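Each remark here refers to the structure printed beneath this line.
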Protein chains: 4
Amino acid sequence: MTRSVGIALVGAGAMGKAHSLAFRTVGGVFDLPIAPRLEVIADVNEQLAATAAGHWGYKRHTKDWRSVIADPCVDIVDITAPNRFHREIALAAIGAGKHVYCEKPLAATLKEAEEMFRAAEKAAVTTQLGFNFLKNPMIDLAKNIIQSGEIGEIRSFRGIHAEDYMADPTTPWSWRLDSQGGGVVEDLGSHIVCMARHLLGPISRVCGSLSTVIPSRPTARGSTESRDVQVDDVAHALVQFDRGCHGTLEASWVATGRKMQLEFEVVGSHGSIAFTQERFSELQLFKLEGSQSRNGFRTIVAGPLHPPYGNFCVATGHQLGFNDMKTIEARDLLLSVAGIEHRGPDFREGYEVQKVIAAIISSSHDKKWVEIGQMGDSAAR
Amino acid sequence: MTRSVGIALVGAGAMGKAHSLAFRTVGGVFDLPIAPRLEVIADVNEQLAATAAGHWGYKRHTKDWRSVIADPCVDIVDITAPNRFHREIALAAIGAGKHVYCEKPLAATLKEAEEMFRAAEKAAVTTQLGFNFLKNPMIDLAKNIIQSGEIGEIRSFRGIHAEDYMADPTTPWSWRLDSQGGGVVEDLGSHIVCMARHLLGPISRVCGSLSTVIPSRPTARGSTESRDVQVDDVAHALVQFDRGCHGTLEASWVATGRKMQLEFEVVGSHGSIAFTQERFSELQLFKLEGSQSRNGFRTIVAGPLHPPYGNFCVATGHQLGFNDMKTIEARDLLLSVAGIEHRGPDFREGYEVQKVIAAIISSSHDKKWVEIGQMGDSAAR
Amino acid sequence: MTRSVGIALVGAGAMGKAHSLAFRTVGGVFDLPIAPRLEVIADVNEQLAATAAGHWGYKRHTKDWRSVIADPCVDIVDITAPNRFHREIALAAIGAGKHVYCEKPLAATLKEAEEMFRAAEKAAVTTQLGFNFLKNPMIDLAKNIIQSGEIGEIRSFRGIHAEDYMADPTTPWSWRLDSQGGGVVEDLGSHIVCMARHLLGPISRVCGSLSTVIPSRPTARGSTESRDVQVDDVAHALVQFDRGCHGTLEASWVATGRKMQLEFEVVGSHGSIAFTQERFSELQLFKLEGSQSRNGFRTIVAGPLHPPYGNFCVATGHQLGFNDMKTIEARDLLLSVAGIEHRGPDFREGYEVQKVIAAIISSSHDKKWVEIGQMGDSAAR
Amino acid sequence: MTRSVGIALVGAGAMGKAHSLAFRTVGGVFDLPIAPRLEVIADVNEQLAATAAGHWGYKRHTKDWRSVIADPCVDIVDITAPNRFHREIALAAIGAGKHVYCEKPLAATLKEAEEMFRAAEKAAVTTQLGFNFLKNPMIDLAKNIIQSGEIGEIRSFRGIHAEDYMADPTTPWSWRLDSQGGGVVEDLGSHIVCMARHLLGPISRVCGSLSTVIPSRPTARGSTESRDVQVDDVAHALVQFDRGCHGTLEASWVATGRKMQLEFEVVGSHGSIAFTQERFSELQLFKLEGSQSRNGFRTIVAGPLHPPYGNFCVATGHQLGFNDMKTIEARDLLLSVAGIEHRGPDFREGYEVQKVIAAIISSSHDKKWVEIGQMGDSAAR
């Protein structure tokens, strides 16, 4: 008999929906030893909480997130509330011995991130961060190709995450643009930093360059009042990895026309890999083999040979979607809670990513290279 | 309060899983007046039925599909059993006044298809066929662009559905290769015929050319015994639509290297559209507008501006997957059962598709053009 | 010492320029035993002839093409005059024992084409037709891959040549639209028919479907008078090759937005090839080899491993252009004149292409399949 | 009557061939007031010089480059000799009052580059550097789009030039790998620096990171002796432009699988541009206009609307090749010599590019940002 675990969702917005869909689906897609049980939704907007609970299949709702943490029916606290509340909610949940599933980024500052991962490790609870792009079977394929040595020694890396959702200067000011918000380097940069670490391991040093291209924005849509933007819109960085190779990272939320340009290129001595999230069911692979006159980058199409694709669909080329990656993330959370396998990324990884982000910000401010090893522990952001 | 309708799934294979995932998800994605209630799975393989019922969340299972049709808790009979059983199960369900959701193709012969759609119309039950590729928001966009006249008068059409799942000559003989199986023209050809009709309306005449490139196959994997293939592996056809324009259709299941080459191109007097299922979150559009020196085919990326994408995901470029199209299909079924909107494709459409398929087969056999209007009613396939 | 051969160009239009550039360049690109000597340009527009001669480097000009044929300094008559003059000029040149280089299509009718190729064979002069797309090194690569058996038995073919240069209904009537003009099936269809034959050998039977989507056009730009179009704008055909495999051909000059969609796909039992002239320095190749989980269509980029690319450029990826293909064509002409190698396509090939075109037209008219073997010799178009 | 100018080519290698083909062709493609007259080839390898002169159409040859500079028949000295000889030959030619056409990069050091451009300016001779990629009509289009403000304020830039011609560690040591060679940052980096300046104007500051991934190479093919590589294989840099926007530059000659990845992306407030030299007859353009639900990056295909494409070819999509860009370069040289128009890039631009390269090298060495304004004049490399 499958054991069930109670889920409390804190935050009834769009990401809350994505998490809820994943929990509804995960048991049908995968054969798991534990099943999610949708207990309660907490949101300060009680009406929203009520509607969401009914719609997504939760038993009840509340406007008080603290009550769900105390609730003995709840095993996992799932945080999709705004970033600035991550710390308080997560620490409370950890303090109550709950497992925590939290959207990225982990925290607003490196200090908070450290506090959070240390608390989780001390309490020995499972933590899972929503860096969903890692969950794509083609990313597993890329990682396997790199780690197995199929493309030899890694020579360089280029990583980009560019979108245009803040590209319009008339898009109003919001909490993202406050000095606490972190800017694009934190919002999208964290995705590409996490991806870079996932594929190539730790980053040792960075030299960042942040710029703000829209210096002020209206206080509300259509307003003539404006408010200063205190964070970066575009981020570029030189990086070096512990393994030695060099590369660049780039993040932008003002990249006019780009919707999901999460791209990377890994160059190795025996081959190369190129990927873009805009076509995330494909991986471009070049391998030094066979006749040179017939060689070139090949387009690998995702299929059952790339687990866990086959759990969703039996035929190659049918494609997974964004919500399927969330379902894989939910599976990984449940496997970790069940003590079977811990795939992450967890709060410690969130802290490591935050260290790189903090180093890029610090580096850009001081116009010099920064060693990642010098960040963290005692360092404020 | 949301009313619920009981679902009986007949067939616990891969498509049964896809349908079940759709039913689990649909109520969380869409705000619907009726909710699916997973009642029972029927499969001749009782162990499979039992496992599937537990795994996918059905209340019970049976090896006798007839029992579920008699079951008063069942409102919708969902048929994912092999094609040759579609007729018998569907007619029984219709006879019992149940709504029927059935995988494509509708039936093995045109005569059966006619019998089925007439029974359904007489009984006034909802029917829904699993031509899931129509459910893609980008196909809605393409259809809107065509119907609104944005690209002017339609001048020509090219439709392809090519895969390689039967490309290997050592893949054993199976029921698909029997004369009852219908060949690729029925298996994949039905998808592209349905797509062509969806976009451009009825087809008036065809001239087909079917070929069998692997004339016999082993009776089982590794066997030295072989059995003759009685159906086509590759199908080509000239077509003319009622609206006047001409084009070609093509289907292949031996297209080495192709995984999901469901492609079409629609040329109009003021623009053109190109689409491939391999990148189904994109639509290529050319429009005669603006400066010629800056014009070209543009790549539209699916997003919330293309309903119902936004029900799944709030940001452009995150992408839907195959199972999401099944979820939209399930929504359409439920809206029809609720009497709110009938989007199809239903059994009548399945019959119309079958007429075109039958005409292509007949045309290829007789090496001449065949009028679609002369097919059907009294015509045997 | 390199021998030189005198060139007379008949027709000082755009294709005349392309041929002249090729003759200026060919001796620097290739190491040839004979060199072209630009003797004379003939054009009924004497001023145009004079300007062109000065500009392109010919010694003299004339308005009388007959005079150049009689000229003992002339060894090769190069015909870039309008199609309807090909026959008369070519026969006169052949009659005078000159070699003939002629733009495609060979002639306006099959009967004329037959007359021309028979005259050339009888006179034992070299003939070369301007099907320049065959001269691309990537087409040689494709042909080698097919002929060597690398992709196994050929299973199907799809060939397209679509452009939009007649897409605008206000583009005035011209000689191309007269019943002598041949329509798109002759203008662009001949390119894809020649390509199909080049890659897969003779075509045995066809079933064509021609349509005219713009039935009349203004007599001149901006005129309110209009004139009926007597030829096809769009052509589709089913084909079967002598080697057995089936396929489709398509030509359109009203394909809004398409500039150079000369595409083909060849499916074999061990691999497949896809090509588009829009990216003619690339060839898409799939081969059944290596790990399936890492396989896919690869993009081969043209380089020195694909002769004669290296004669133009020493590094891969630098790319050849349209005029370079004309230079290769000129090389092939000169090698044939020198008696070293005869690569064609020659007038006989032009006649064979014309037979297929004539069969498609006849088939479309009679709405039935036509055997190519029944065309030609005594058959009128 | 067209005036002619005498050309002396110094260096009979592959680039010498490309220049010679351009001179043979340019007068036929363009209507120019002066015509090139191929006088003499100089190469230390006299046999090579003799063969090349015969093959490419020069009147005579010599092994002594100094003699051609003194030759009164010579108006333009065209230098395609190895980089380390550029300075000496160019200064001698300038001293003799000749115009100079020189392959890139201008010189081995910034000091030499300065000496060369100052000598040329003082002598008031025309100089032209072989940054041929700028000559592409699609680059003119990109520049026009940027300069006209069509895509608004520029927000960021990414430029890459990656190839794999040094990717194989068994490729032997050569002069390029000497400390005088300059490494990839000079060899390929100069192309992308020049492109960046061409599109967006001067660069104000850089922070570079150079790495050597193949530390030693065999002294000769197959040799067991090896020699240390003293230059960079991979170069990354952060840049800021005088206009304010930030970006990255990247160069690699060890990018396994990449043949001509000269790519850039320019993000503006009203649109964006993306380009890759691998498909250099296309430009990707996004513009904020029209319906968002139908918008996306469009692929513009080069044609006569993009001058001077129409001089080569009358129809869109036929494509130019690498040698055609050299022909445009030769035109620009001749127009400058004729005093009609000076398009460059000239020696001064070569010097400006060299300053950026030198700053990247210096920055990488000192691990800090470097202002371009502090380079040059008195600065050694």
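Following the order of the structure tokens, first chain is A, next is B, and so on, with residues numbered from 1 inside each chain and ligands from 1 in the order they appear.
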
Subject >> Expected answer as a ChimeraX atom specification: chain D residues within 9 Å of chain C, only C-alpha atoms >> reply: /D:14-15,17-18,20-22,24-25,27-32,52,54-57,165,258-261,277-281,301,312-324

Would you put the residues from that selection into a file with C-alpha atoms, as a short mmCIF file (atom, residue, chain, number, x, y, z; two decimals), in the first residue's frame?
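Writing the result to part_4.cif gives the following:
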```cif
data_model
loop_
_atom_site.label_atom_id
_atom_site.label_comp_id
_atom_site.auth_asym_id
_atom_site.auth_seq_id
_atom_site.Cartn_x
_atom_site.Cartn_y
_atom_site.Cartn_z
CA ALA D 14 45.16 30.88 -50.50
CA MET D 15 44.28 34.46 -49.63
CA LYS D 17 43.97 33.48 -54.76
CA ALA D 18 40.88 34.98 -53.15
CA SER D 20 43.03 37.64 -57.40
CA LEU D 21 39.62 36.15 -58.09
CA ALA D 22 38.06 39.31 -56.71
CA ARG D 24 39.19 39.31 -62.03
CA THR D 25 35.51 39.55 -61.19
CA GLY D 27 34.83 44.86 -63.10
CA GLY D 28 32.16 42.54 -64.42
CA VAL D 29 30.04 42.80 -61.32
CA PHE D 30 30.26 46.53 -60.75
CA ASP D 31 30.36 49.52 -63.07
CA LEU D 32 33.57 51.12 -61.90
CA ALA D 52 50.04 31.49 -59.58
CA GLY D 54 49.91 32.01 -64.96
CA HIS D 55 46.88 30.58 -63.25
CA TRP D 56 45.38 33.77 -61.91
CA GLY D 57 46.22 35.93 -64.90
CA TYR D 165 40.74 24.61 -37.12
CA ARG D 258 32.33 24.81 -35.24
CA LYS D 259 33.39 25.89 -38.70
CA MET D 260 32.32 29.51 -38.97
CA GLN D 261 30.52 30.51 -35.82
CA GLN D 277 28.11 33.74 -40.56
CA GLU D 278 27.19 30.05 -40.96
CA ARG D 279 24.01 31.33 -42.63
CA PHE D 280 25.27 34.68 -43.79
CA SER D 281 22.57 35.21 -46.40
CA VAL D 301 16.75 36.33 -46.93
CA PHE D 312 25.82 39.71 -58.41
CA CYS D 313 22.44 38.20 -58.94
CA VAL D 314 18.93 39.38 -59.77
CA ALA D 315 16.87 37.06 -57.62
CA THR D 316 16.47 36.79 -53.86
CA GLY D 317 17.68 33.61 -52.25
CA HIS D 318 20.33 32.73 -54.81
CA GLN D 319 23.04 33.71 -52.32
CA LEU D 320 26.46 35.24 -52.36
CA GLY D 321 29.57 33.33 -51.31
CA PHE D 322 32.78 34.13 -49.50
CA ASN D 323 34.55 35.19 -52.68
CA ASP D 324 31.75 37.61 -53.46
#
```

**OP:** Tell me which protein, DNA and RNA residues are within 12 Å of Ile154 of chain A, counting only C-alpha atoms, leaving out same-chain ones fewer than 2 positions away, and put them as number ranges by chain.
**Re:** A: 145-152, 156-158, 199-201, 240-247, 265-273; D: 167, 213-214, 234, 254-256

Any chance you could export the current selection's C-alpha atoms as a PDB file, in the first residue's frame?
```
ATOM      1  CA  ILE A 145      27.692  12.960 -22.137  1.00  0.00           C
ATOM      2  CA  ILE A 146      29.911  15.412 -20.280  1.00  0.00           C
ATOM      3  CA  GLN A 147      30.534  13.241 -17.234  1.00  0.00           C
ATOM      4  CA  SER A 148      31.213  10.082 -19.203  1.00  0.00           C
ATOM      5  CA  GLY A 149      33.998  11.823 -21.074  1.00  0.00           C
ATOM      6  CA  GLU A 150      32.304  11.319 -24.436  1.00  0.00           C
ATOM      7  CA  ILE A 151      33.227  14.818 -25.536  1.00  0.00           C
ATOM      8  CA  GLY A 152      36.600  14.766 -23.778  1.00  0.00           C
ATOM      9  CA  SER A 156      34.818  26.415 -22.652  1.00  0.00           C
ATOM     10  CA  PHE A 157      31.256  27.239 -21.687  1.00  0.00           C
ATOM     11  CA  ARG A 158      28.712  29.846 -22.653  1.00  0.00           C
ATOM     12  CA  LEU A 199      26.797  20.433 -15.956  1.00  0.00           C
ATOM     13  CA  LEU A 200      30.369  21.411 -15.132  1.00  0.00           C
ATOM     14  CA  GLY A 201      30.618  21.584 -11.354  1.00  0.00           C
ATOM     15  CA  GLN A 240      36.191  30.109 -14.407  1.00  0.00           C
ATOM     16  CA  PHE A 241      35.229  26.674 -13.133  1.00  0.00           C
ATOM     17  CA  ASP A 242      37.087  24.630 -10.550  1.00  0.00           C
ATOM     18  CA  ARG A 243      37.842  22.137 -13.313  1.00  0.00           C
ATOM     19  CA  GLY A 244      39.801  24.911 -15.056  1.00  0.00           C
ATOM     20  CA  CYS A 245      37.788  25.886 -18.087  1.00  0.00           C
ATOM     21  CA  HIS A 246      36.573  29.406 -18.717  1.00  0.00           C
ATOM     22  CA  GLY A 247      33.368  30.847 -20.043  1.00  0.00           C
ATOM     23  CA  GLU A 265      27.200  25.620 -25.301  1.00  0.00           C
ATOM     24  CA  VAL A 266      29.809  23.255 -23.922  1.00  0.00           C
ATOM     25  CA  VAL A 267      32.942  22.766 -26.001  1.00  0.00           C
ATOM     26  CA  GLY A 268      35.012  19.668 -25.381  1.00  0.00           C
ATOM     27  CA  SER A 269      38.133  18.225 -26.925  1.00  0.00           C
ATOM     28  CA  HIS A 270      36.184  15.387 -28.583  1.00  0.00           C
ATOM     29  CA  GLY A 271      32.873  17.043 -29.207  1.00  0.00           C
ATOM     30  CA  SER A 272      30.523  19.826 -28.285  1.00  0.00           C
ATOM     31  CA  ILE A 273      26.981  20.295 -27.025  1.00  0.00           C
TER      32      ILE A 273
ATOM     33  CA  ALA D 167      40.957  21.995 -32.131  1.00  0.00           C
ATOM     34  CA  VAL D 213      43.735  24.672 -23.541  1.00  0.00           C
ATOM     35  CA  ILE D 214      46.391  22.856 -25.583  1.00  0.00           C
ATOM     36  CA  VAL D 234      40.130  30.678 -26.168  1.00  0.00           C
ATOM     37  CA  VAL D 254      39.519  25.037 -30.590  1.00  0.00           C
ATOM     38  CA  ALA D 255      35.697  24.983 -30.722  1.00  0.00           C
ATOM     39  CA  THR D 256      35.245  21.367 -31.758  1.00  0.00           C
TER      40      THR D 256
END
```

Original post:
segment 101-309 of chain D: which residues are helix (DSSP H, G or I) by DSSP, as a ChimeraX atom specification?
Top reply: /D:110-123,132-135,137-147,175-177,183-187,189-200,277-279,292-294,309

Selection near segment 77-89 of chain B, 7 Å with only C-alpha atoms, sequence-local residues under 5 positions removed, as a CSV table (one decimal) with N, CA, C and O atoms, in the first residue's frame:
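Written out: out.csv:
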```
chain,number,residue,atom,x,y,z
B,7,ILE,N,-16.0,7.8,-15.5
B,7,ILE,CA,-15.2,7.4,-16.6
B,7,ILE,C,-14.9,5.9,-16.5
B,7,ILE,O,-14.4,5.4,-15.5
B,8,ALA,N,-15.1,5.2,-17.6
B,8,ALA,CA,-14.7,3.8,-17.7
B,8,ALA,C,-13.6,3.7,-18.9
B,8,ALA,O,-14.0,4.1,-20.0
B,9,LEU,N,-12.5,3.3,-18.5
B,9,LEU,CA,-11.4,3.2,-19.5
B,9,LEU,C,-11.3,1.8,-20.0
B,9,LEU,O,-11.1,0.8,-19.2
B,10,VAL,N,-11.4,1.6,-21.3
B,10,VAL,CA,-11.3,0.2,-21.9
B,10,VAL,C,-10.0,0.1,-22.6
B,10,VAL,O,-9.8,0.7,-23.7
B,11,GLY,N,-9.0,-0.6,-22.0
B,11,GLY,CA,-7.7,-0.6,-22.6
B,11,GLY,C,-6.7,0.0,-21.7
B,11,GLY,O,-6.7,1.2,-21.6
B,15,MET,N,-1.8,4.4,-24.5
B,15,MET,CA,-2.8,5.5,-24.7
B,15,MET,C,-3.8,5.6,-23.5
B,15,MET,O,-4.2,6.7,-23.2
B,16,GLY,N,-4.1,4.5,-22.9
B,16,GLY,CA,-4.9,4.5,-21.7
B,16,GLY,C,-4.2,5.4,-20.6
B,16,GLY,O,-4.9,6.1,-19.9
B,98,LYS,N,-24.3,5.7,-23.4
B,98,LYS,CA,-23.0,6.4,-22.9
B,98,LYS,C,-22.4,7.3,-23.9
B,98,LYS,O,-22.5,7.1,-25.1
B,99,HIS,N,-21.7,8.3,-23.4
B,99,HIS,CA,-20.8,9.1,-24.2
B,99,HIS,C,-19.6,8.3,-24.5
B,99,HIS,O,-19.2,7.4,-23.7
B,100,VAL,N,-19.0,8.5,-25.7
B,100,VAL,CA,-17.8,7.7,-26.1
B,100,VAL,C,-16.6,8.6,-26.5
B,100,VAL,O,-16.8,9.5,-27.3
B,101,TYR,N,-15.5,8.3,-25.9
B,101,TYR,CA,-14.2,8.9,-26.2
B,101,TYR,C,-13.4,7.8,-26.8
B,101,TYR,O,-13.2,6.8,-26.1
B,102,CYS,N,-12.9,8.0,-28.0
B,102,CYS,CA,-12.3,6.8,-28.7
B,102,CYS,C,-11.0,7.3,-29.4
B,102,CYS,O,-10.9,8.3,-30.0
B,103,GLU,N,-10.0,6.5,-29.3
B,103,GLU,CA,-8.7,6.8,-30.0
B,103,GLU,C,-8.9,6.6,-31.5
B,103,GLU,O,-9.8,5.9,-31.9
B,105,PRO,N,-7.6,5.5,-35.3
B,105,PRO,CA,-8.7,5.8,-36.2
B,105,PRO,C,-10.0,5.3,-35.7
B,105,PRO,O,-10.0,4.3,-35.0
B,106,LEU,N,-11.1,5.8,-36.2
B,106,LEU,CA,-12.4,5.4,-35.8
B,106,LEU,C,-12.7,3.9,-35.9
B,106,LEU,O,-13.0,3.2,-35.0
B,107,ALA,N,-12.4,3.4,-37.2
B,107,ALA,CA,-12.8,2.0,-37.4
B,107,ALA,C,-11.9,1.5,-38.5
B,107,ALA,O,-11.1,2.2,-39.1
B,108,ALA,N,-12.0,0.2,-38.7
B,108,ALA,CA,-11.1,-0.5,-39.7
B,108,ALA,C,-11.6,-0.3,-41.1
B,108,ALA,O,-10.9,-0.3,-42.1
B,112,GLU,N,-17.9,0.4,-41.3
B,112,GLU,CA,-18.0,0.4,-39.9
B,112,GLU,C,-18.0,1.8,-39.3
B,112,GLU,O,-18.8,2.1,-38.4
B,116,MET,N,-21.0,3.5,-37.0
B,116,MET,CA,-20.7,4.0,-35.7
B,116,MET,C,-21.2,5.5,-35.6
B,116,MET,O,-21.8,5.9,-34.6
```

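When DSSP reads the backbone of this structure, the residues of segment 67-188 of chain A it assigns to strand (DSSP E or B) are Ile76, Val77, Asp78, Ile79, His99, Val100, Tyr101, Cys102, Thr127, Gln128, Leu129, Ile154, Arg155, Ser156, Phe157, Arg158, Gly159, Ile160, His161 and Ala162 of chain A.
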
Original post:
Within 9 Å of segment 349-357 of chain B, counting only C-alpha atoms, which residues qualify if same-chain residues fewer than 4 places away don't, as a PyMOL selection string?
Top reply: chain B and resi 104-114+116-117+129+185-186+189-191+193-194+197+202-206+344-345+361-362+372-373+375-376+381

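Nearest to Glu225 of chain B of all the residues B:Ser336, B:Ser4, B:Gln374, B:Thr170 is B:Thr170, counting only C-alpha atoms.
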
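By chain and then residue number, the residues within 10 Å of Thr171 of chain C are Tyr165, Met166, Ala167, Asp168, Ser174, Arg217, Pro218, Thr219, Ala220, Arg221 and Gly222 of chain C, counting only C-alpha atoms and disregarding those fewer than 3 positions away in sequence.
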
Please save C-alpha atoms of the selected residues as an mmCIF file, in the first residue's frame.
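The result, stored in out.cif:
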```
data_model
loop_
_atom_site.group_PDB
_atom_site.id
_atom_site.type_symbol
_atom_site.label_atom_id
_atom_site.label_comp_id
_atom_site.auth_asym_id
_atom_site.auth_seq_id
_atom_site.Cartn_x
_atom_site.Cartn_y
_atom_site.Cartn_z
ATOM 1 C CA TYR C 165 8.313 35.809 -57.933
ATOM 2 C CA MET C 166 4.897 35.582 -59.633
ATOM 3 C CA ALA C 167 2.923 35.613 -56.379
ATOM 4 C CA ASP C 168 1.650 39.152 -56.721
ATOM 5 C CA SER C 174 4.470 38.238 -69.816
ATOM 6 C CA ARG C 217 -3.014 39.587 -65.060
ATOM 7 C CA PRO C 218 -2.705 43.221 -66.139
ATOM 8 C CA THR C 219 -1.169 43.672 -69.571
ATOM 9 C CA ALA C 220 1.349 46.068 -68.049
ATOM 10 C CA ARG C 221 2.206 47.284 -64.575
ATOM 11 C CA GLY C 222 -0.655 49.442 -63.380
#
```

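Comparing the minimum interatomic distances between Cys207 of chain B and each of C:Leu177, C:Leu238, C:Val184, C:Ala124, counting only C-alpha atoms, we find that C:Leu238 sits nearest.
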
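You can rank B:Glu329, B:Glu371, B:Asp346, B:Asp233 by their closest distance to Arg118 of chain B using only C-alpha atoms, and at the top of that list sits B:Asp346.
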
Original post:
Suppose you want the space between atom CA of Glu115 of chain B and atom CA of Asp43 of chain B; what is it in Å?
Top reply: 24.5 Å

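By only C-alpha atoms, and with residues fewer than 2 positions from segment 61-66 of chain C along its chain excluded, the set lying at most 7 Å from it is Val10, Val40, Ile41, Ala42, Asp43, Val44, Asn45, Glu46, Ala49, Ala50, Ala53, Val68, Ile69 and Ala70 of chain C.
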
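Pairwise distance (atom CA of Gln128 of chain A, atom CA of Thr327 of chain A) equals 12.9 Å.
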